[in-house]
Amino acid sequence: MPSIDIKNNISFYRSNISSSRCYQNILSSSDVEWLIDFMFKETGVYRLGSSGNMFFSENFEKIIIKFFDKFNEMIDLSEIVKVGGNFFLTPHQYGFHTDMPEKGDHHFVEGDVAFCTILIPLFHLPQKAKCHFMLFNERILSHGTTLDRGPSKSDTHYNSISNYDEIENLYNESGLEIKYEDKDFDNDLFEKYNMGATSPKERFNGFSIESVYDWTPGDAMVFDTTQLHCSNLGLKKELFKNKAGLRMSFYKNLKNKRDPIDWEKLK
């Protein structure tokens, strides 16, 4: 099976750019506990990253079926042909990146496109930590990408870019292609969300924040899979030491090479 064809589907991604949204308290505390239990007991594959991340994946259709009405409220599930993503358990924040499939991912067929992503916070410890998830106005219509300007690099299989003049297929929130411009990142936001605890300010130069959401278990954030985003460790003296979440990316097929998932049959 080939990797996902992004180049020939740019028009789809451009026309489907939309603002992120957060559904607060859409899952109950018992729902969250069920997902945590599922992460450890029902997923089929796990991977340990060199930086201490743990990833768990597969069997996500079971999750969709259990919470079908809630997920269908967030996105239209009728044309979905594939669900990817992972649970993650991490001791650190996530860097500046997109969640598009990497070039080496060959689990796709002709016509597959990444529709959107749902991210569900499961927990953070200590609970008093004030951590956040930040989505930017810019999208990169390409394979999974991390932006790593500065002395450190992300632990990732994605395409890492440190020279931002090399960024291709960069689009704004209106679906217009833009050229990277090295403008200072908003210092007030950089300080407010303690982003300097893990990343140099120049890593975010030329980009702007669209939305910031609290890492609240039971909430669900929906955003373009091409959309740049990151997280923080928390506010000063209110940092997390461990946190977990569930990321699910949903795919459509533009050439009828796959049938949509028959959710009723799976039920």
# chains A, B, ... in the order shown; residues from 1 in each chain; ligands from 1
$ closest_atom_pairs --of "stretch 14-98 of chain A" --to "stretch 244-251 of chain A" --cutoff "7 Å" --atoms "only C-alpha atoms" --output "JSON lines"
{"residue": "A:Ile80", "atom": "CA", "partner": "A:Tyr251", "partner_atom": "CA", "distance": 5.6}
{"residue": "A:Val81", "atom": "CA", "partner": "A:Tyr251", "partner_atom": "CA", "distance": 5.8}
{"residue": "A:Lys82", "atom": "CA", "partner": "A:Tyr251", "partner_atom": "CA", "distance": 5.1}
{"residue": "A:Val83", "atom": "CA", "partner": "A:Phe250", "partner_atom": "CA", "distance": 4.8}
{"residue": "A:Gly84", "atom": "CA", "partner": "A:Ser249", "partner_atom": "CA", "distance": 5.0}
{"residue": "A:Gly85", "atom": "CA", "partner": "A:Met248", "partner_atom": "CA", "distance": 4.5}
{"residue": "A:Asn86", "atom": "CA", "partner": "A:Arg247", "partner_atom": "CA", "distance": 5.4}
{"residue": "A:Phe87", "atom": "CA", "partner": "A:Leu246", "partner_atom": "CA", "distance": 4.3}
{"residue": "A:Phe88", "atom": "CA", "partner": "A:Ala244", "partner_atom": "CA", "distance": 5.5}
{"residue": "A:Leu89", "atom": "CA", "partner": "A:Ala244", "partner_atom": "CA", "distance": 4.4}
{"residue": "A:Thr90", "atom": "CA", "partner": "A:Ala244", "partner_atom": "CA", "distance": 6.3}
$ select_by_dssp --residues "stretch 8-136 of chain A" --states "strand (DSSP E or B)" --output "ChimeraX atom specification"
/A:21-23,45-48,54-57,82-90,97,112-125,132-136
$ write_last_selection --atoms "N, CA and C atoms" --output "short mmCIF file (atom, residue, chain, number, x, y, z; two decimals), in the first residue's frame"
data_model
loop_
_atom_site.label_atom_id
_atom_site.label_comp_id
_atom_site.auth_asym_id
_atom_site.auth_seq_id
_atom_site.Cartn_x
_atom_site.Cartn_y
_atom_site.Cartn_z
N ARG A 21 -12.17 23.80 17.37
CA ARG A 21 -13.23 23.98 18.35
C ARG A 21 -13.04 23.00 19.50
N CYS A 22 -13.58 23.36 20.65
CA CYS A 22 -13.45 22.53 21.85
C CYS A 22 -14.84 22.22 22.38
N TYR A 23 -15.11 20.94 22.58
CA TYR A 23 -16.37 20.49 23.16
C TYR A 23 -16.10 20.18 24.64
N VAL A 45 -1.35 -2.48 19.77
CA VAL A 45 0.06 -2.17 19.51
C VAL A 45 0.52 -1.09 20.49
N TYR A 46 1.73 -1.24 21.02
CA TYR A 46 2.30 -0.16 21.82
C TYR A 46 3.76 0.05 21.41
N ARG A 47 4.21 1.29 21.62
CA ARG A 47 5.59 1.64 21.27
C ARG A 47 6.14 2.57 22.33
N LEU A 48 7.40 2.37 22.69
CA LEU A 48 8.08 3.22 23.66
C LEU A 48 9.07 4.10 22.93
N MET A 54 5.08 6.81 25.72
CA MET A 54 4.48 5.53 25.39
C MET A 54 3.29 5.77 24.48
N PHE A 55 3.18 4.99 23.40
CA PHE A 55 2.10 5.12 22.44
C PHE A 55 1.33 3.80 22.34
N PHE A 56 0.02 3.89 22.30
CA PHE A 56 -0.85 2.71 22.19
C PHE A 56 -1.82 2.96 21.04
N SER A 57 -2.01 1.96 20.19
CA SER A 57 -2.89 2.17 19.03
C SER A 57 -3.65 0.89 18.67
N LYS A 82 -11.32 5.46 7.42
CA LYS A 82 -10.19 4.98 8.21
C LYS A 82 -10.03 5.87 9.44
N VAL A 83 -9.66 5.25 10.57
CA VAL A 83 -9.37 5.99 11.79
C VAL A 83 -7.96 5.61 12.25
N GLY A 84 -7.09 6.60 12.40
CA GLY A 84 -5.73 6.37 12.87
C GLY A 84 -5.47 7.14 14.15
N GLY A 85 -4.20 7.17 14.55
CA GLY A 85 -3.84 7.93 15.73
C GLY A 85 -3.26 7.06 16.81
N ASN A 86 -3.30 7.57 18.05
CA ASN A 86 -2.74 6.83 19.17
C ASN A 86 -3.16 7.42 20.51
N PHE A 87 -3.19 6.59 21.52
CA PHE A 87 -3.12 7.07 22.89
C PHE A 87 -1.66 7.41 23.16
N PHE A 88 -1.44 8.38 24.04
CA PHE A 88 -0.06 8.68 24.42
C PHE A 88 0.02 8.96 25.92
N LEU A 89 1.11 8.51 26.49
CA LEU A 89 1.44 8.74 27.90
C LEU A 89 2.82 9.37 27.90
N THR A 90 2.93 10.60 28.39
CA THR A 90 4.16 11.36 28.19
C THR A 90 4.59 12.12 29.44
N HIS A 97 4.35 21.06 15.77
CA HIS A 97 4.25 20.05 14.71
C HIS A 97 2.85 19.98 14.12
N ASP A 112 -7.10 8.57 -0.53
CA ASP A 112 -7.24 8.84 0.90
C ASP A 112 -6.79 10.26 1.23
N VAL A 113 -7.55 10.94 2.09
CA VAL A 113 -7.19 12.28 2.57
C VAL A 113 -7.47 12.35 4.06
N ALA A 114 -6.64 13.11 4.77
CA ALA A 114 -6.84 13.33 6.21
C ALA A 114 -7.93 14.38 6.40
N PHE A 115 -9.02 14.00 7.02
CA PHE A 115 -10.16 14.90 7.18
C PHE A 115 -9.98 15.82 8.38
N CYS A 116 -9.83 15.26 9.58
CA CYS A 116 -9.63 16.08 10.77
C CYS A 116 -9.14 15.20 11.90
N THR A 117 -8.82 15.82 13.02
CA THR A 117 -8.31 15.13 14.20
C THR A 117 -9.13 15.51 15.42
N ILE A 118 -9.36 14.53 16.29
CA ILE A 118 -9.97 14.76 17.59
C ILE A 118 -8.95 14.42 18.67
N LEU A 119 -8.74 15.33 19.60
CA LEU A 119 -7.81 15.12 20.71
C LEU A 119 -8.57 15.19 22.03
N ILE A 120 -8.43 14.15 22.84
CA ILE A 120 -9.14 14.06 24.12
C ILE A 120 -8.14 13.97 25.27
N PRO A 121 -8.04 14.97 26.13
CA PRO A 121 -7.21 14.85 27.33
C PRO A 121 -7.78 13.79 28.28
N LEU A 122 -6.91 12.95 28.83
CA LEU A 122 -7.34 11.90 29.75
C LEU A 122 -6.96 12.20 31.20
N PHE A 123 -5.74 12.69 31.41
CA PHE A 123 -5.35 13.12 32.76
C PHE A 123 -4.05 13.91 32.67
N HIS A 124 -3.74 14.60 33.74
CA HIS A 124 -2.42 15.17 33.95
C HIS A 124 -2.12 15.12 35.45
N LEU A 125 -0.88 14.83 35.76
CA LEU A 125 -0.45 14.71 37.16
C LEU A 125 0.76 15.59 37.39
N HIS A 132 -1.67 23.35 28.87
CA HIS A 132 -2.49 23.84 27.77
C HIS A 132 -2.11 23.19 26.45
N PHE A 133 -3.05 23.30 25.51
CA PHE A 133 -2.87 22.84 24.13
C PHE A 133 -3.09 24.04 23.24
N MET A 134 -2.11 24.31 22.35
CA MET A 134 -2.13 25.53 21.55
C MET A 134 -2.18 25.21 20.07
N LEU A 135 -3.15 25.79 19.38
CA LEU A 135 -3.31 25.61 17.93
C LEU A 135 -3.01 26.92 17.22
N PHE A 136 -2.30 26.81 16.10
CA PHE A 136 -1.84 27.99 15.37
C PHE A 136 -2.69 28.23 14.12
#
$ select_by_dssp --residues "stretch 33-190 of chain A" --states "alpha helix (DSSP H)" --output "VMD selection string"
chain A and resid 33 to 41 60 to 66 68 to 74 187 to 190
$ write_last_selection --atoms "C-alpha atoms" --output "compact mmCIF listing (two decimals), in the first residue's frame"
# COMPACT_ATOMS: atom_id res chain seq x y z
CA GLU A 33 -11.82 6.10 33.07
CA TRP A 34 -13.13 3.69 30.41
CA LEU A 35 -10.74 5.19 27.84
CA ILE A 36 -7.77 4.95 30.20
CA ASP A 37 -8.59 1.30 30.83
CA PHE A 38 -8.95 0.75 27.07
CA MET A 39 -5.53 2.33 26.48
CA PHE A 40 -3.79 -0.29 28.61
CA LYS A 41 -5.96 -3.34 27.95
CA PHE A 60 -10.23 2.57 17.68
CA GLU A 61 -13.45 1.53 15.93
CA LYS A 62 -14.56 0.09 19.29
CA ILE A 63 -14.13 3.52 20.84
CA ILE A 64 -16.12 5.20 18.07
CA ILE A 65 -18.98 2.72 18.50
CA LYS A 66 -19.15 3.26 22.27
CA PHE A 68 -20.79 7.21 18.45
CA ASP A 69 -23.42 9.88 19.15
CA LYS A 70 -20.88 12.12 20.85
CA PHE A 71 -18.27 11.83 18.10
CA ASN A 72 -20.90 12.21 15.40
CA GLU A 73 -21.88 15.48 17.06
CA MET A 74 -18.31 16.71 16.57
CA ASN A 187 5.89 37.87 23.57
CA ASP A 188 2.88 38.27 25.85
CA LEU A 189 1.54 34.84 24.85
CA PHE A 190 5.01 33.31 25.04
$ residues_around --residues "A:Pro2" --least-positions-apart "4" --cutoff "12 Å" --atoms "only C-alpha atoms" --output "ChimeraX atom specification"
/A:6,101-112
$ write_last_selection --atoms "C-alpha atoms" --output "tab-separated table (two decimals), in the first residue's frame"
chain	number	residue	atom	x	y	z
A	6	ILE	CA	-1.03	14.94	-0.37
A	101	PRO	CA	0.96	10.86	8.32
A	102	GLU	CA	4.70	10.48	7.91
A	103	LYS	CA	6.21	9.62	4.54
A	104	GLY	CA	7.01	6.10	5.67
A	105	ASP	CA	3.41	5.29	6.60
A	106	HIS	CA	2.13	2.96	3.85
A	107	HIS	CA	-1.32	2.15	5.21
A	108	PHE	CA	-3.24	4.17	2.63
A	109	VAL	CA	-4.90	3.70	-0.75
A	110	GLU	CA	-5.37	6.02	-3.72
A	111	GLY	CA	-7.70	8.91	-2.88
A	112	ASP	CA	-7.24	8.84	0.90
$ residues_around --residues "A:Phe207" --least-positions-apart "4" --cutoff "9 Å" --atoms "only C-alpha atoms" --output "list of chain:residue names"
A:Phe136, A:Asn137, A:Glu138, A:Tyr180, A:Glu181, A:Asp182, A:Lys183, A:Asp184, A:Phe185, A:Asp186
$ residues_around --residues "A:Ser18" --least-positions-apart "5" --cutoff "8 Å" --atoms "only C-alpha atoms" --output "list in words"
Glu173, Phe223 and Asp224 of chain A
$ atom_distance --atom1 "atom CA of A:Tyr94" --atom2 "atom CA of A:Asn169"
22.4 Å
$ atom_distance --atom1 "atom CA of A:Asn25" --atom2 "atom CA of A:Ser231"
19.9 Å
$ atom_distance --atom1 "atom CA of A:Gly206" --atom2 "atom CA of A:Leu170"
11.4 Å
$ closest_residue --among "A:Ser20, A:Thr226, A:Ser28, A:Thr98" --to "A:Ile75" --atoms "only C-alpha atoms"
A:Ser20
